[in-house]
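Student: Here you go, this is entry03.txt (compact mmCIF, C-alpha atoms).
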# COMPACT_ATOMS: atom_id res chain seq x y z
CA MET D 756 0.00 0.00 0.00
CA SER D 757 2.86 2.39 0.78
CA ALA D 758 4.26 1.87 -2.72
CA VAL D 759 0.92 2.93 -4.17
CA LEU D 760 0.80 6.18 -2.22
CA TYR D 761 4.36 7.33 -2.96
CA ASP D 762 7.57 6.12 -4.55
CA VAL D 763 9.74 4.05 -2.24
CA PRO D 764 12.95 6.08 -1.61
CA GLY D 765 16.13 4.65 -2.99
CA PRO D 766 19.59 4.66 -1.36
CA ARG D 767 20.34 8.28 -2.31
CA ALA D 768 16.94 9.50 -1.11
CA LYS D 769 17.34 7.62 2.17
CA ALA D 770 20.77 9.18 2.71
CA ARG D 771 19.36 12.63 1.90
CA ASN D 772 16.48 12.10 4.33
CA ARG D 773 18.88 11.10 7.08
CA ILE D 774 20.92 14.25 6.52
CA ILE D 775 17.78 16.41 6.61
CA ASN D 776 16.65 14.71 9.82
CA VAL D 777 20.00 15.34 11.47
CA VAL D 778 19.95 19.00 10.40
CA VAL D 779 16.41 19.48 11.76
CA VAL D 780 17.28 17.84 15.08
CA LEU D 781 20.41 20.00 15.42
CA ALA D 782 18.39 23.11 14.61
CA LEU D 783 15.80 22.23 17.26
CA LEU D 784 18.51 21.55 19.84
CA ALA D 785 20.15 24.86 18.99
CA ALA D 786 16.83 26.69 19.41
CA VAL D 787 16.23 25.04 22.80
CA ALA D 788 19.79 25.84 23.90
CA TRP D 789 19.35 29.49 22.88
CA VAL D 790 16.08 29.76 24.83
CA LEU D 791 17.68 28.21 27.92
CA TYR D 792 20.66 30.55 27.55
CA ARG D 793 18.40 33.60 27.39
CA LEU D 794 16.43 32.42 30.40
CA ASN D 795 19.65 31.94 32.34
CA GLN D 796 20.91 35.37 31.28
CA THR D 797 17.74 37.00 32.59
CA GLY D 798 18.02 35.18 35.92
CA GLN D 799 15.03 32.86 35.51
CA PHE D 800 16.95 29.95 37.03
CA GLU D 801 18.02 31.82 40.17
CA SER D 802 17.17 29.99 43.38
CA ARG D 803 15.23 33.02 44.60
CA ARG D 804 12.64 32.61 41.84
CA TRP D 805 12.13 28.92 42.62
CA ALA D 806 12.24 29.18 46.42
CA GLN D 807 8.47 29.64 46.83
CA PHE D 808 7.73 26.07 45.78
CA GLN D 809 9.34 24.68 48.91
CA TYR D 810 6.67 26.23 51.16
CA THR D 811 3.67 24.13 52.15
CA ALA D 812 1.29 27.06 51.76
CA ILE D 813 2.37 27.53 48.14
CA GLN D 814 2.01 23.81 47.44
CA ASN D 815 -1.49 23.84 48.94
CA GLU D 816 -2.36 26.85 46.83
CA LEU D 817 -1.29 25.00 43.67
CA LEU D 818 -3.21 21.93 44.80
CA ASP D 819 -6.37 24.00 45.32
CA GLY D 820 -6.02 25.42 41.82
CA LEU D 821 -5.53 21.94 40.40
CA LEU D 822 -8.60 20.64 42.23
CA ASN D 823 -10.68 23.54 40.92
CA THR D 824 -9.48 22.76 37.40
CA LEU D 825 -10.37 19.08 37.75
CA ARG D 826 -13.72 19.91 39.34
CA ALA D 827 -14.75 22.16 36.45
CA ALA D 828 -13.43 19.71 33.86
CA ALA D 829 -15.19 16.71 35.44
CA LEU D 830 -18.60 18.39 35.70
CA ALA D 831 -18.32 19.91 32.23
CA ALA D 832 -17.31 16.52 30.78
CA VAL D 833 -20.40 14.82 32.24
CA LEU D 834 -22.74 17.58 31.07
CA ALA D 835 -21.10 17.71 27.63
CA LEU D 836 -21.53 13.95 27.18
CA LEU D 837 -25.22 14.22 28.11
CA PHE D 838 -25.66 17.24 25.83
CA GLY D 839 -23.94 15.44 22.97
CA ALA D 840 -25.99 12.27 23.41
CA VAL D 841 -29.31 14.12 23.44
CA PHE D 842 -28.56 16.31 20.43
CA ALA D 843 -26.99 13.46 18.48
CA ALA D 844 -30.19 11.47 18.99
CA ALA D 845 -32.20 14.45 17.78
CA ARG D 846 -29.96 14.92 14.75
CA ILE D 847 -30.55 11.38 13.50
CA SER D 848 -34.29 11.59 14.07
CA ASP D 849 -36.72 11.08 11.18
CA HIS D 850 -38.81 14.01 12.46
CA ALA D 851 -37.73 17.38 11.08
CA ILE D 852 -39.18 19.15 14.11
CA LEU D 853 -36.39 17.55 16.17
CA ARG D 854 -33.65 17.23 13.56
CA VAL D 855 -33.62 20.82 12.26
CA PRO D 856 -33.42 22.63 15.64
CA ALA D 857 -30.82 20.16 16.90
CA THR D 858 -28.68 20.71 13.81
CA PHE D 859 -28.95 24.48 14.25
CA VAL D 860 -27.93 24.32 17.92
CA VAL D 861 -24.98 22.01 17.28
CA GLU D 862 -23.63 24.05 14.37
CA LEU D 863 -24.18 27.31 16.28
CA PHE D 864 -22.23 26.40 19.39
CA ARG D 865 -19.49 24.69 17.39
CA ALA D 866 -18.95 27.97 15.53
CA ILE D 867 -18.84 30.28 18.57
CA PRO D 868 -15.41 30.57 20.24
CA LEU D 869 -15.36 29.08 23.72
CA LEU D 870 -14.07 32.26 25.34
CA ILE D 871 -17.05 34.22 24.00
CA LEU D 872 -19.40 31.68 25.59
CA MET D 873 -17.66 32.11 28.93
CA PHE D 874 -17.87 35.90 28.58
CA PHE D 875 -21.55 35.62 27.73
CA PHE D 876 -22.40 33.67 30.89
CA TYR D 877 -20.09 35.61 33.19
CA TYR D 878 -20.74 39.20 32.13
CA GLY D 879 -24.35 38.46 31.18
CA SER D 880 -24.91 37.16 34.70
CA LEU D 881 -23.36 40.31 36.17
CA GLN D 882 -25.46 42.60 33.99
CA PHE D 883 -28.78 40.83 34.54
CA LYS D 884 -27.94 39.76 38.14
CA LEU D 885 -28.44 36.04 37.50
CA GLY D 886 -26.02 35.04 40.22
CA LEU D 887 -23.79 32.76 38.12
CA SER D 888 -20.35 32.28 39.64
CA PRO D 889 -17.18 32.11 37.51
CA PHE D 890 -17.23 28.35 38.08
CA TRP D 891 -20.62 27.97 36.39
CA ALA D 892 -19.65 30.36 33.60
CA VAL D 893 -16.68 28.11 32.82
CA VAL D 894 -18.71 24.89 33.11
CA LEU D 895 -21.59 26.10 30.95
CA GLY D 896 -19.25 27.43 28.26
CA LEU D 897 -17.32 24.17 28.17
CA THR D 898 -20.56 22.17 28.12
CA LEU D 899 -22.09 23.96 25.14
CA TYR D 900 -18.95 24.03 23.01
CA ASN D 901 -17.64 20.53 23.71
CA GLY D 902 -21.13 19.05 23.87
CA SER D 903 -21.76 20.26 20.33
CA VAL D 904 -18.53 18.67 19.13
CA LEU D 905 -19.38 15.44 20.95
CA ALA D 906 -22.83 15.41 19.35
CA GLU D 907 -21.15 15.39 15.96
CA ILE D 908 -18.79 12.63 17.09
CA PHE D 909 -21.74 10.52 18.22
CA ARG D 910 -23.59 11.11 14.95
CA ALA D 911 -20.48 10.30 12.96
CA GLY D 912 -19.88 7.12 14.93
CA ILE D 913 -23.37 5.85 14.24
CA ALA D 914 -23.15 6.85 10.58
CA ALA D 915 -19.84 4.96 10.28
CA VAL D 916 -21.51 1.61 10.95
CA PRO D 917 -21.88 -0.24 7.61
CA LYS D 918 -25.24 0.38 5.98
CA GLY D 919 -25.92 -3.34 5.69
CA GLN D 920 -26.10 -3.62 9.48
CA ARG D 921 -29.13 -1.36 9.78
CA GLU D 922 -30.76 -2.81 6.67
CA ALA D 923 -30.45 -6.33 8.09
CA ALA D 924 -31.89 -5.13 11.40
CA TYR D 925 -34.86 -3.50 9.70
CA ALA D 926 -35.41 -6.71 7.72
CA THR D 927 -35.90 -8.61 10.97
CA GLY D 928 -38.74 -6.25 11.96
CA LEU D 929 -36.91 -4.09 14.52
CA ARG D 930 -38.07 -0.52 15.06
CA LYS D 931 -35.66 2.38 14.61
CA ASN D 932 -34.99 2.92 18.31
CA GLN D 933 -34.25 -0.80 18.65
CA VAL D 934 -31.92 -0.71 15.65
CA VAL D 935 -29.98 2.23 17.09
CA ARG D 936 -29.91 0.86 20.65
CA LEU D 937 -29.25 -2.81 19.94
CA ILE D 938 -27.37 -2.86 16.63
CA LEU D 939 -25.71 0.47 15.84
CA LEU D 940 -24.60 1.79 19.23
CA PRO D 941 -22.71 -1.34 20.38
CA GLN D 942 -20.65 -1.25 17.17
CA ALA D 943 -20.25 2.55 17.13
CA ILE D 944 -19.03 2.86 20.72
CA SER D 945 -15.67 1.27 19.95
CA ALA D 946 -15.24 3.67 17.04
CA MET D 947 -16.22 6.73 19.06
CA LEU D 948 -14.21 6.15 22.25
CA PRO D 949 -10.81 7.45 21.03
CA ALA D 950 -12.38 10.61 19.58
CA ILE D 951 -14.41 11.16 22.76
CA VAL D 952 -11.35 10.87 25.00
CA SER D 953 -9.40 13.19 22.68
CA GLN D 954 -12.16 15.78 22.98
CA LEU D 955 -12.08 15.45 26.76
CA VAL D 956 -8.36 16.27 26.60
CA VAL D 957 -9.29 19.48 24.77
CA LEU D 958 -11.94 20.20 27.41
CA LEU D 959 -9.40 19.81 30.21
CA LYS D 960 -6.97 22.22 28.58
CA ASP D 961 -9.74 24.74 27.85
CA THR D 962 -10.46 25.13 31.56
CA ALA D 963 -7.38 27.38 31.58
CA LEU D 964 -9.48 30.06 29.84
CA GLY D 965 -11.33 30.45 33.13
CA PHE D 966 -8.52 32.62 34.52
CA ILE D 967 -9.73 35.46 32.26
CA ILE D 968 -13.03 35.59 34.16
CA THR D 969 -11.28 35.22 37.55
CA TYR D 970 -12.09 31.55 38.11
CA ASN D 971 -9.60 30.28 40.68
CA GLU D 972 -8.21 27.45 38.57
CA LEU D 973 -4.59 26.39 38.12
CA LEU D 974 -3.52 29.08 35.64
CA TYR D 975 -5.18 31.83 37.69
CA VAL D 976 -3.29 30.66 40.76
CA ALA D 977 -0.06 30.62 38.74
CA LYS D 978 -0.64 34.20 37.61
CA GLN D 979 -1.03 35.32 41.22
CA MET D 980 2.07 33.41 42.32
CA GLY D 981 4.15 34.87 39.50
CA GLY D 982 3.38 38.42 40.56
CA ARG D 983 5.01 38.21 43.98
CA LEU D 984 7.77 40.76 44.45
CA GLU D 985 9.49 38.95 47.31
CA PHE D 986 10.40 36.13 44.91
CA GLY D 987 11.44 38.43 42.07
CA PHE D 988 8.21 38.10 40.00
CA PRO D 989 8.74 34.41 39.16
CA TYR D 990 6.28 34.22 36.26
CA ILE D 991 8.34 31.92 34.05
CA PRO D 992 9.31 29.40 36.79
CA THR D 993 5.67 29.26 37.90
CA TYR D 994 4.41 28.75 34.38
CA PHE D 995 7.02 26.02 33.90
CA VAL D 996 5.61 24.14 36.90
CA VAL D 997 2.01 24.62 35.78
CA ALA D 998 2.90 23.52 32.23
CA VAL D 999 4.37 20.29 33.60
CA VAL D 1000 1.13 19.63 35.51
CA TYR D 1001 -1.00 20.24 32.40
CA ILE D 1002 1.29 18.07 30.28
CA GLY D 1003 1.03 15.26 32.82
CA LEU D 1004 -2.77 15.38 32.96
CA CYS D 1005 -3.22 15.60 29.20
CA SER D 1006 -0.63 12.89 28.62
CA LEU D 1007 -2.58 10.49 30.82
CA LEU D 1008 -5.77 11.13 28.87
CA SER D 1009 -3.89 10.91 25.57
CA LEU D 1010 -2.43 7.55 26.57
CA LEU D 1011 -5.94 6.37 27.36
CA ALA D 1012 -7.12 7.56 23.95
CA ARG D 1013 -4.29 5.75 22.17
CA TYR D 1014 -4.96 2.59 24.16
CA LEU D 1015 -8.65 2.68 23.25
CA GLU D 1016 -7.81 3.40 19.62
CA GLY D 1017 -5.40 0.48 19.42
CA ARG D 1018 -7.88 -1.81 21.11
CA SER D 1019 -10.67 -0.80 18.74
CA ARG D 1020 -8.40 -1.27 15.72
CA ARG D 1021 -7.49 -4.77 16.87
CA ARG D 1022 -11.15 -5.49 17.39
CA SER D 1023 -12.04 -4.18 13.93
CA LYS D 1024 -9.58 -6.64 12.36
CA ILE D 1025 -11.29 -9.52 14.15
CA THR D 1026 -14.96 -8.53 14.07
CA GLY D 1027 -15.11 -6.14 11.13
CA ALA D 1028 -16.24 -3.25 13.34
CA PRO D 1029 -15.88 0.27 11.88
CA PRO D 1030 -12.47 1.93 12.40
CA PRO D 1031 -12.02 4.63 15.05
CA ILE D 1032 -13.14 8.15 14.18
CA ASP D 1033 -10.45 10.72 14.88
CA THR D 1034 -12.56 13.73 13.87
CA PRO D 1035 -16.27 14.27 13.33
CA ILE D 1036 -17.39 13.79 9.74
CA GLU D 1037 -19.27 16.59 8.13
CA THR D 1038 -20.95 14.59 5.40
CA GLY D 1039 -23.06 11.49 5.31
CA ASP D 1040 -26.73 10.74 5.59
CA ALA D 1041 -28.40 10.44 8.96
CA VAL D 1042 -29.47 7.03 10.13
CA ARG D 1043 -32.81 6.18 8.67
Please re-express this file's structure in C-alpha cells.
Tutor:
Amino acid sequence: MSAVLYDVPGPRAKARNRIINVVVVLALLAAVAWVLYRLNQTGQFESRRWAQFQYTAIQNELLDGLLNTLRAAALAAVLALLFGAVFAAARISDHAILRVPATFVVELFRAIPLLILMFFFYYGSLQFKLGLSPFWAVVLGLTLYNGSVLAEIFRAGIAAVPKGQREAAYATGLRKNQVVRLILLPQAISAMLPAIVSQLVVLLKDTALGFIITYNELLYVAKQMGGRLEFGFPYIPTYFVVAVVYIGLCSLLSLLARYLEGRSRRRSKITGAPPPIDTPIETGDAVR
C-alpha cells in the first residue's frame, strides 16, 4: 500500500532524508539551547525565583487550583456527554421538528469561540444579576462548546456503521430505536471512544481560559504566584511548573485515547467493526 501512495525512496533518497533529519534535530537543539541561555541570562533559574515552591502554603495553593481545574473539567465533561448524546439522537431523528433545531444548535455552538461563551455567561450574569459564579460560567461554556462537538462525534460514529447492518436489522422487523440501541450503538461505541477521549483532553486544557473571568483554577493561581515581588516576579518558573502539571494530565488522557484506539483497531480486524473516528465527519446521511 505504501508503494501505491508514494515512490519508495532509494539509497540516495534515504541518505538525503537522514541528513535532513540530522539538520532538523540539530536546529531544534540549537533553538532550545538558545532559549535556555536567554532564560539563564535574565536570571530565571536563580534559586530566589524557585524558592516559593518549597513552602507548604504555596504547594497547597497550587493543589487547590488543580482541584478547581479538575472539578470544572469533570462536571463539564459529564454535562457535555449528556448534551452530545441528546442532540446526536435528535440529529438522526426522522422528524424534522427535532432534527432541524438540533442541527442548528450544534452548528451554532461549534462555531462560537469558547471564550465568548464564557464571557456571555459571566458578564451576562453580572449585567442581569443572574447570580452565576465564575465556576458555572466556565462549566456552561465548556458544556455547550464541547457538547456540540461530541454530538457530531456521536452522529459520525453511528453513521460509520456499515449500511448493511441497519438494513439487516430492519429486515428482521426491529423498530428504529431498537436498531440504534441494539445494533448500531454497540458497534459505534468502539469507534467513538478514542475521539471522545481526545475531545475530553481538549476540554481539560480549555479550563485554563477560566482565569480570564477570575475563576480560581490552576492558571489563575499561577498568575497570582508569579506576581510576587518577594520572589522576584517568578512568572516563568511558575508557568514552567504549571505547564508540567497540564502536560502530565493531558498525557494520561492521551495515553488512554491511544490505548482505546489500538484496542478498537485490533477489534475491527477480528470482528469487522468500523475503524475509530479521529474527527467528526461533516458529510453522510443520517441514520434512517
Student: By how many Å are CA of Thr858 in chain D and CA of Arg846 in chain D apart?
Tutor: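 Computed distance, CA of Thr858 in chain D to CA of Arg846 in chain D, equals 6.0 Å.
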Student: Taking 5 positions as the minimum chain separation for residues in the same chain, which residues sit within 12 Å of Leu955 in chain D when counting all atoms listed in the file? Answer as a PyMOL selection string.
Tutor: chain D and resi 825+828-836+897-898+900-902+904-905+948-950+960-962+1004-1009+1011-1012
Student: Using all atoms listed in the file, which residues sit within 10 Å of Ile967 in chain D once same-chain residues fewer than 2 positions away are excluded, as number ranges by chain?
Tutor: D: 870, 873-874, 889, 963-965, 969-971, 974-975
Student: Pull the closest atom pair for each residue of range 943-1030 of chain D that gets at most 6 Å from range 785-807 of chain D, along with the distance in Å to one decimal, counting all atoms listed in the file, ordering rows by chain and then ascending residue number, as a tab-separated table.
Tutor:
residue	atom	partner	partner_atom	distance
D:Phe986	CA	D:Arg804	CA	5.2
D:Gly987	CA	D:Arg804	CA	5.9
D:Pro989	CA	D:Arg804	CA	5.1
Student: Work out how far apart CA of Phe842 in chain D and CA of Ile908 in chain D are and give it in Å to one decimal.
Tutor: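 About the pair CA of Phe842 in chain D and CA of Ile908 in chain D: they are 11.0 Å apart.
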Student: What gap, in Å, lies between CA of Arg854 in chain D and CA of Leu940 in chain D?
Tutor: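 Pair CA of Arg854 in chain D / CA of Leu940 in chain D returns 18.8 Å.
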Student: Counting all atoms listed in the file, which of D:Arg773, D:Ile968, D:Leu853, D:Arg1018 gets nearest to Leu887 in chain D?
Tutor: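 Closest to Leu887 in chain D of all the choices is D:Ile968.
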Student: Quick one: of D:Ser953, D:Gln942, D:Thr993, D:Gln882, who's nearest to Val976 in chain D, counting all atoms listed in the file?
Tutor: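 Between D:Ser953, D:Gln942, D:Thr993, D:Gln882, the residue approaching Val976 in chain D most closely is D:Thr993.
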Student: Each side padded by 6 Å, which centre and which edge lengths in Å (one decimal) define the axis-aligned box around the listed atoms of range 906-922 of chain D? Give them as AutoDock Vina command-line options.
Tutor:
--center_x -24.8 --center_y 5.9 --center_z 12.5 --size_x 24.0 --size_y 31.0 --size_z 25.7
Student: Place all heavy atoms on range 875-886 of chain D and deliver the coordinates as a PDB file, keeping the file's coordinate frame.
Tutor:
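Produced file selection.pdb, reproduced below:
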ATOM      1  N   PHE D 875     -20.112  35.453  27.783  1.00  0.00           N
ATOM      2  CA  PHE D 875     -21.550  35.620  27.730  1.00  0.00           C
ATOM      3  C   PHE D 875     -22.183  35.240  29.073  1.00  0.00           C
ATOM      4  O   PHE D 875     -23.011  35.986  29.620  1.00  0.00           O
ATOM      5  CB  PHE D 875     -22.136  34.760  26.612  1.00  0.00           C
ATOM      6  CG  PHE D 875     -23.638  34.763  26.560  1.00  0.00           C
ATOM      7  CD1 PHE D 875     -24.324  35.808  25.967  1.00  0.00           C
ATOM      8  CD2 PHE D 875     -24.362  33.713  27.106  1.00  0.00           C
ATOM      9  CE1 PHE D 875     -25.712  35.815  25.928  1.00  0.00           C
ATOM     10  CE2 PHE D 875     -25.747  33.706  27.066  1.00  0.00           C
ATOM     11  CZ  PHE D 875     -26.422  34.761  26.476  1.00  0.00           C
ATOM     12  N   PHE D 876     -21.812  34.097  29.626  1.00  0.00           N
ATOM     13  CA  PHE D 876     -22.400  33.670  30.890  1.00  0.00           C
ATOM     14  C   PHE D 876     -21.915  34.509  32.063  1.00  0.00           C
ATOM     15  O   PHE D 876     -22.699  34.835  32.965  1.00  0.00           O
ATOM     16  CB  PHE D 876     -22.085  32.186  31.141  1.00  0.00           C
ATOM     17  CG  PHE D 876     -22.845  31.245  30.258  1.00  0.00           C
ATOM     18  CD1 PHE D 876     -22.188  30.499  29.293  1.00  0.00           C
ATOM     19  CD2 PHE D 876     -24.213  31.120  30.379  1.00  0.00           C
ATOM     20  CE1 PHE D 876     -22.890  29.633  28.474  1.00  0.00           C
ATOM     21  CE2 PHE D 876     -24.927  30.258  29.566  1.00  0.00           C
ATOM     22  CZ  PHE D 876     -24.267  29.514  28.607  1.00  0.00           C
ATOM     23  N   TYR D 877     -20.633  34.888  32.044  1.00  0.00           N
ATOM     24  CA  TYR D 877     -20.090  35.610  33.190  1.00  0.00           C
ATOM     25  C   TYR D 877     -20.586  37.058  33.235  1.00  0.00           C
ATOM     26  O   TYR D 877     -21.193  37.492  34.213  1.00  0.00           O
ATOM     27  CB  TYR D 877     -18.563  35.572  33.149  1.00  0.00           C
ATOM     28  CG  TYR D 877     -17.902  36.305  34.296  1.00  0.00           C
ATOM     29  CD1 TYR D 877     -17.995  35.810  35.599  1.00  0.00           C
ATOM     30  CD2 TYR D 877     -17.183  37.474  34.090  1.00  0.00           C
ATOM     31  CE1 TYR D 877     -17.394  36.471  36.659  1.00  0.00           C
ATOM     32  CE2 TYR D 877     -16.577  38.144  35.141  1.00  0.00           C
ATOM     33  CZ  TYR D 877     -16.689  37.639  36.421  1.00  0.00           C
ATOM     34  OH  TYR D 877     -16.094  38.301  37.472  1.00  0.00           O
ATOM     35  N   TYR D 878     -20.346  37.796  32.142  1.00  0.00           N
ATOM     36  CA  TYR D 878     -20.740  39.200  32.130  1.00  0.00           C
ATOM     37  C   TYR D 878     -22.249  39.361  31.971  1.00  0.00           C
ATOM     38  O   TYR D 878     -22.835  40.329  32.476  1.00  0.00           O
ATOM     39  CB  TYR D 878     -20.004  39.944  31.024  1.00  0.00           C
ATOM     40  CG  TYR D 878     -18.524  40.058  31.291  1.00  0.00           C
ATOM     41  CD1 TYR D 878     -17.601  39.323  30.545  1.00  0.00           C
ATOM     42  CD2 TYR D 878     -18.040  40.877  32.297  1.00  0.00           C
ATOM     43  CE1 TYR D 878     -16.240  39.402  30.798  1.00  0.00           C
ATOM     44  CE2 TYR D 878     -16.685  40.975  32.565  1.00  0.00           C
ATOM     45  CZ  TYR D 878     -15.792  40.237  31.805  1.00  0.00           C
ATOM     46  OH  TYR D 878     -14.453  40.321  32.066  1.00  0.00           O
ATOM     47  N   GLY D 879     -22.903  38.418  31.255  1.00  0.00           N
ATOM     48  CA  GLY D 879     -24.350  38.460  31.180  1.00  0.00           C
ATOM     49  C   GLY D 879     -24.988  38.262  32.544  1.00  0.00           C
ATOM     50  O   GLY D 879     -25.986  38.911  32.889  1.00  0.00           O
ATOM     51  N   SER D 880     -24.405  37.373  33.341  1.00  0.00           N
ATOM     52  CA  SER D 880     -24.910  37.160  34.700  1.00  0.00           C
ATOM     53  C   SER D 880     -24.716  38.404  35.560  1.00  0.00           C
ATOM     54  O   SER D 880     -25.598  38.767  36.354  1.00  0.00           O
ATOM     55  CB  SER D 880     -24.192  35.972  35.332  1.00  0.00           C
ATOM     56  OG  SER D 880     -24.573  35.818  36.684  1.00  0.00           O
ATOM     57  N   LEU D 881     -23.586  39.079  35.401  1.00  0.00           N
ATOM     58  CA  LEU D 881     -23.360  40.310  36.170  1.00  0.00           C
ATOM     59  C   LEU D 881     -24.337  41.408  35.762  1.00  0.00           C
ATOM     60  O   LEU D 881     -24.871  42.126  36.618  1.00  0.00           O
ATOM     61  CB  LEU D 881     -21.919  40.786  35.957  1.00  0.00           C
ATOM     62  CG  LEU D 881     -20.806  39.918  36.567  1.00  0.00           C
ATOM     63  CD1 LEU D 881     -19.447  40.505  36.233  1.00  0.00           C
ATOM     64  CD2 LEU D 881     -20.977  39.784  38.071  1.00  0.00           C
ATOM     65  N   GLN D 882     -24.589  41.527  34.470  1.00  0.00           N
ATOM     66  CA  GLN D 882     -25.460  42.600  33.990  1.00  0.00           C
ATOM     67  C   GLN D 882     -26.919  42.370  34.387  1.00  0.00           C
ATOM     68  O   GLN D 882     -27.613  43.300  34.804  1.00  0.00           O
ATOM     69  CB  GLN D 882     -25.357  42.726  32.474  1.00  0.00           C
ATOM     70  CG  GLN D 882     -26.198  43.860  31.896  1.00  0.00           C
ATOM     71  CD  GLN D 882     -25.959  44.048  30.412  1.00  0.00           C
ATOM     72  OE1 GLN D 882     -25.130  43.375  29.819  1.00  0.00           O
ATOM     73  NE2 GLN D 882     -26.698  44.977  29.823  1.00  0.00           N
ATOM     74  N   PHE D 883     -27.377  41.132  34.248  1.00  0.00           N
ATOM     75  CA  PHE D 883     -28.780  40.830  34.540  1.00  0.00           C
ATOM     76  C   PHE D 883     -28.972  40.234  35.943  1.00  0.00           C
ATOM     77  O   PHE D 883     -30.066  39.788  36.282  1.00  0.00           O
ATOM     78  CB  PHE D 883     -29.336  39.868  33.492  1.00  0.00           C
ATOM     79  CG  PHE D 883     -29.351  40.436  32.110  1.00  0.00           C
ATOM     80  CD1 PHE D 883     -28.394  40.054  31.181  1.00  0.00           C
ATOM     81  CD2 PHE D 883     -30.294  41.382  31.743  1.00  0.00           C
ATOM     82  CE1 PHE D 883     -28.399  40.582  29.891  1.00  0.00           C
ATOM     83  CE2 PHE D 883     -30.317  41.915  30.475  1.00  0.00           C
ATOM     84  CZ  PHE D 883     -29.361  41.514  29.543  1.00  0.00           C
ATOM     85  N   LYS D 884     -27.895  40.201  36.746  1.00  0.00           N
ATOM     86  CA  LYS D 884     -27.940  39.760  38.140  1.00  0.00           C
ATOM     87  C   LYS D 884     -28.550  38.356  38.260  1.00  0.00           C
ATOM     88  O   LYS D 884     -29.479  38.112  39.025  1.00  0.00           O
ATOM     89  CB  LYS D 884     -28.729  40.753  38.984  1.00  0.00           C
ATOM     90  CG  LYS D 884     -28.103  42.138  38.998  1.00  0.00           C
ATOM     91  CD  LYS D 884     -28.907  43.109  39.836  1.00  0.00           C
ATOM     92  CE  LYS D 884     -28.255  44.480  39.844  1.00  0.00           C
ATOM     93  NZ  LYS D 884     -29.037  45.480  40.660  1.00  0.00           N
ATOM     94  N   LEU D 885     -27.970  37.427  37.477  1.00  0.00           N
ATOM     95  CA  LEU D 885     -28.440  36.040  37.500  1.00  0.00           C
ATOM     96  C   LEU D 885     -27.765  35.216  38.582  1.00  0.00           C
ATOM     97  O   LEU D 885     -28.220  34.116  38.899  1.00  0.00           O
ATOM     98  CB  LEU D 885     -28.214  35.393  36.131  1.00  0.00           C
ATOM     99  CG  LEU D 885     -28.918  36.061  34.947  1.00  0.00           C
ATOM    100  CD1 LEU D 885     -28.572  35.340  33.648  1.00  0.00           C
ATOM    101  CD2 LEU D 885     -30.429  36.074  35.158  1.00  0.00           C
ATOM    102  N   GLY D 886     -26.677  35.725  39.118  1.00  0.00           N
ATOM    103  CA  GLY D 886     -26.020  35.040  40.220  1.00  0.00           C
ATOM    104  C   GLY D 886     -25.116  33.887  39.821  1.00  0.00           C
ATOM    105  O   GLY D 886     -24.786  33.039  40.664  1.00  0.00           O
TER     106      GLY D 886
END
